[in-house]
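Only one structure is covered here, and it is reproduced in the block below.
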Amino acid sequence: MKDKINILLVEDSPSDVRLTEEALKDSGLDYELSLASDGEEAMNFLHQQKMSAFSKLPDIILLDLNMPKKNGHEVLAEIKADPKLALVPVVLLTVSQQEKDIMEALRLKMNYYLCKPVDAEQLTALVRAIFELHKSEEAAASHEPVSSQDSHIHLVLAGNPHTPGFVLSKLAQEDNARVRCRVAENAATPPDVLLALAKDEHDDVRLSVSENPNVPKDVLEQLSRDKSADVRMGMAANPNIPAEILHSLASDENIFVATNASKTLGR
């Protein structure tokens with residue numbers, strides 16, 4: 001990663017600021033960190049950066065939920081209501097595990113969610129993924145309608161291992177098959193959601209379920225009898241599928257499925 005990542009941390013707790021700074025120092029990322037101690041200071045900073053010809057908006061905002069003056073939900077709402085600021089990815093940092101807090105942030109188009117205290121390894125992986133994803137898409141995203149930008153948000157949430165299970169359950173009902181595929185692959189997706197997605201109308205979604213590292217064995221057995229030869233073919237070529245299921249695929253009526261399964265078993 002060649003570009004320096006400009007990060008805005010919005011956090012009122014000095015101890016949490018210090019922990020986040022330490023996590024970033026241990027990350028190995030090339031970054032520049034700006035600090036705001038409350039929501040009002042954060043919005044003033046963002047508006048100044050937006051209006052200045054010599055400054056740029058942050059690449060990523062790390063936003064605490066519970067703050068004085070303006071809390072994280074209020075800041076997030078203002079960011080997402082501004083067409084320019086709305087393009088900046090927001091990571092909500094909070095100790096809250098309450099469904100209402102997360103669902104409110106999701107309603108306000110939160111991009112990411114990370115529980116405190118911040119872990120250096122998790123933060124590094126998340127910041128790197130966000131930066132690379134949005135750098136590759138920002139030119140296109142700036143010309144897309146809001147609904148398309150929302151789709152990007154849901155795609156990232158669906159693939160984020162820190163997204164809560166109840167949010168993944170809702171994302172599994174999206175009309176967008178790409179979002180459902182991401183949910184199906186996510187190791188944090190609850191078993192009952194995987195079971196439902198194993199019956200999805202879209203072949204790629206069902207195949208994605210088979211690639212989930214935590215998919216229950218009975219779901220894999222169900223998928224090994226899937227009506228789609230493409231789904232069975234994908235499973236047959238997957239060395240992570242249990243041997244007994246690969247043996248059953250090696251006897252598949254489709255010669256290509258059977259051949260692939262036999263080759264996989266022989267590896």
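Note on naming: chains are A, B, ... as they come in the structure tokens, residues start from 1 per chain, ligands start from 1 in the order shown.
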Would you mind listing what lies within 9 Å of Thr124 in chain A as a list of chain:residue names, with only C-alpha atoms counted and same-chain residues fewer than 3 positions away left out?
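Result of the neighbour search: A:Ala23, A:Leu24, A:Asp26, A:Ser27, A:Gly28, A:Leu29, A:Asp119, A:Ala120, A:Glu121, A:Val127, A:Arg128, A:Ala129.
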Can you list, as number ranges by chain, every protein, DNA or RNA residue that comes within 12 Å of Gln49 in chain A when you count only C-alpha atoms, leaving out same-chain residues fewer than 6 positions away?
A: 6, 8, 34, 42-43, 55-59, 84-85
Just write the chosen residues, N, CA and C atoms, as a PDB file, in the first residue's frame.
```
ATOM      1  N   ASN A   6      -5.149   8.846   5.528  1.00  0.00           N
ATOM      2  CA  ASN A   6      -5.545   9.930   6.424  1.00  0.00           C
ATOM      3  C   ASN A   6      -6.737   9.466   7.267  1.00  0.00           C
ATOM      4  N   LEU A   8      -9.289  10.131  10.624  1.00  0.00           N
ATOM      5  CA  LEU A   8      -9.837  11.018  11.653  1.00  0.00           C
ATOM      6  C   LEU A   8     -10.402  10.160  12.773  1.00  0.00           C
ATOM      7  N   SER A  34      -5.620  12.480  12.623  1.00  0.00           N
ATOM      8  CA  SER A  34      -6.180  13.712  13.175  1.00  0.00           C
ATOM      9  C   SER A  34      -7.142  13.332  14.289  1.00  0.00           C
ATOM     10  N   ALA A  42     -15.586  17.340  15.521  1.00  0.00           N
ATOM     11  CA  ALA A  42     -15.425  16.494  14.340  1.00  0.00           C
ATOM     12  C   ALA A  42     -16.095  17.110  13.118  1.00  0.00           C
ATOM     13  N   MET A  43     -17.333  17.591  13.282  1.00  0.00           N
ATOM     14  CA  MET A  43     -18.050  18.167  12.150  1.00  0.00           C
ATOM     15  C   MET A  43     -17.404  19.478  11.693  1.00  0.00           C
ATOM     16  N   SER A  55      -6.522  21.250   1.641  1.00  0.00           N
ATOM     17  CA  SER A  55      -6.693  20.085   2.513  1.00  0.00           C
ATOM     18  C   SER A  55      -7.576  19.057   1.823  1.00  0.00           C
ATOM     19  N   LYS A  56      -7.586  17.850   2.356  1.00  0.00           N
ATOM     20  CA  LYS A  56      -8.441  16.791   1.813  1.00  0.00           C
ATOM     21  C   LYS A  56      -9.219  16.134   2.935  1.00  0.00           C
ATOM     22  N   LEU A  57     -10.315  15.537   2.576  1.00  0.00           N
ATOM     23  CA  LEU A  57     -11.119  14.817   3.561  1.00  0.00           C
ATOM     24  C   LEU A  57     -10.388  13.562   4.007  1.00  0.00           C
ATOM     25  N   PRO A  58     -10.693  13.067   5.204  1.00  0.00           N
ATOM     26  CA  PRO A  58     -10.060  11.824   5.651  1.00  0.00           C
ATOM     27  C   PRO A  58     -10.395  10.664   4.722  1.00  0.00           C
ATOM     28  N   ASP A  59      -9.514   9.692   4.696  1.00  0.00           N
ATOM     29  CA  ASP A  59      -9.807   8.452   3.967  1.00  0.00           C
ATOM     30  C   ASP A  59     -10.750   7.577   4.782  1.00  0.00           C
ATOM     31  N   LYS A  84     -20.771  15.103  -0.131  1.00  0.00           N
ATOM     32  CA  LYS A  84     -19.315  14.933  -0.182  1.00  0.00           C
ATOM     33  C   LYS A  84     -18.809  14.093   0.988  1.00  0.00           C
ATOM     34  N   LEU A  85     -19.293  14.401   2.175  1.00  0.00           N
ATOM     35  CA  LEU A  85     -18.840  13.670   3.364  1.00  0.00           C
ATOM     36  C   LEU A  85     -19.336  12.227   3.347  1.00  0.00           C
TER      37      LEU A  85
END
```
Report, in Å to a single decimal, how far apart CA of Asp64 in chain A and CA of Glu11 in chain A are.
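Result for CA of Glu11 in chain A versus CA of Asp64 in chain A: 5.3 Å, one decimal.
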Residue list (strand (DSSP E), DSSP) for range 14-131 of chain A, as a count of residues only
20
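Neighbours of range 196-200 of chain A closer than or equal to 9 Å, with only C-alpha atoms counted and sequence neighbours fewer than 5 positions away skipped, come out as Ala172, Arg180, Cys181, Val183, Ala184, Pro191, Val205, Arg206, Leu207, Ser208, Val209, Ser210, Val219, Leu220, Gln222 and Leu223 of chain A.
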Please identify all polymer residues within 7 Å of Leu62 in chain A, counting only C-alpha atoms, omitting same-chain residues fewer than 2 positions from it, and present them as an NGL selection string.
:A and (8-10 or 60 or 64 or 90-93)
Extract, using only C-alpha atoms, all DNA, RNA and protein residues at most 10 Å from Asn240 in chain A, discarding same-chain residues fewer than 6 positions from it, and format them as a PyMOL selection string.
chain A and resi 210-213+246+264
Taking into account only C-alpha atoms, which residue in the set A:Thr189, A:Asn176, A:Gln122, A:Asn238 is nearest to Thr163 in chain A?
A:Thr189
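For the pair CA of His202 in chain A and CA of Val215 in chain A, the separation is 17.8 Å.
Separating CA of Lys69 in chain A from CA of Leu46 in chain A is a distance of 16.2 Å.
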Polymer residues at most 6 Å from range 230-233 of chain A, only C-alpha atoms, same-chain spacing of 2 or more positions, as a PDB file with N, CA and C atoms, in the first residue's frame:
```
ATOM      1  N   LEU A 207     -23.494 -21.925  -3.448  1.00  0.00           N
ATOM      2  CA  LEU A 207     -22.089 -22.341  -3.505  1.00  0.00           C
ATOM      3  C   LEU A 207     -21.265 -21.602  -2.450  1.00  0.00           C
ATOM      4  N   SER A 224     -24.532 -31.066  -1.263  1.00  0.00           N
ATOM      5  CA  SER A 224     -23.906 -32.073  -2.129  1.00  0.00           C
ATOM      6  C   SER A 224     -24.932 -32.775  -3.013  1.00  0.00           C
ATOM      7  N   SER A 228     -28.273 -28.031  -8.826  1.00  0.00           N
ATOM      8  CA  SER A 228     -27.363 -27.394  -9.767  1.00  0.00           C
ATOM      9  C   SER A 228     -26.025 -28.136  -9.831  1.00  0.00           C
ATOM     10  N   MET A 235     -18.231 -27.551  -5.125  1.00  0.00           N
ATOM     11  CA  MET A 235     -17.929 -28.309  -3.909  1.00  0.00           C
ATOM     12  C   MET A 235     -16.904 -29.399  -4.180  1.00  0.00           C
ATOM     13  N   ALA A 236     -17.031 -30.056  -5.333  1.00  0.00           N
ATOM     14  CA  ALA A 236     -16.140 -31.157  -5.672  1.00  0.00           C
ATOM     15  C   ALA A 236     -14.689 -30.707  -5.795  1.00  0.00           C
ATOM     16  N   VAL A 257     -18.535 -33.593 -12.241  1.00  0.00           N
ATOM     17  CA  VAL A 257     -18.553 -33.476 -10.778  1.00  0.00           C
ATOM     18  C   VAL A 257     -17.790 -34.632 -10.164  1.00  0.00           C
TER      19      VAL A 257
END
```
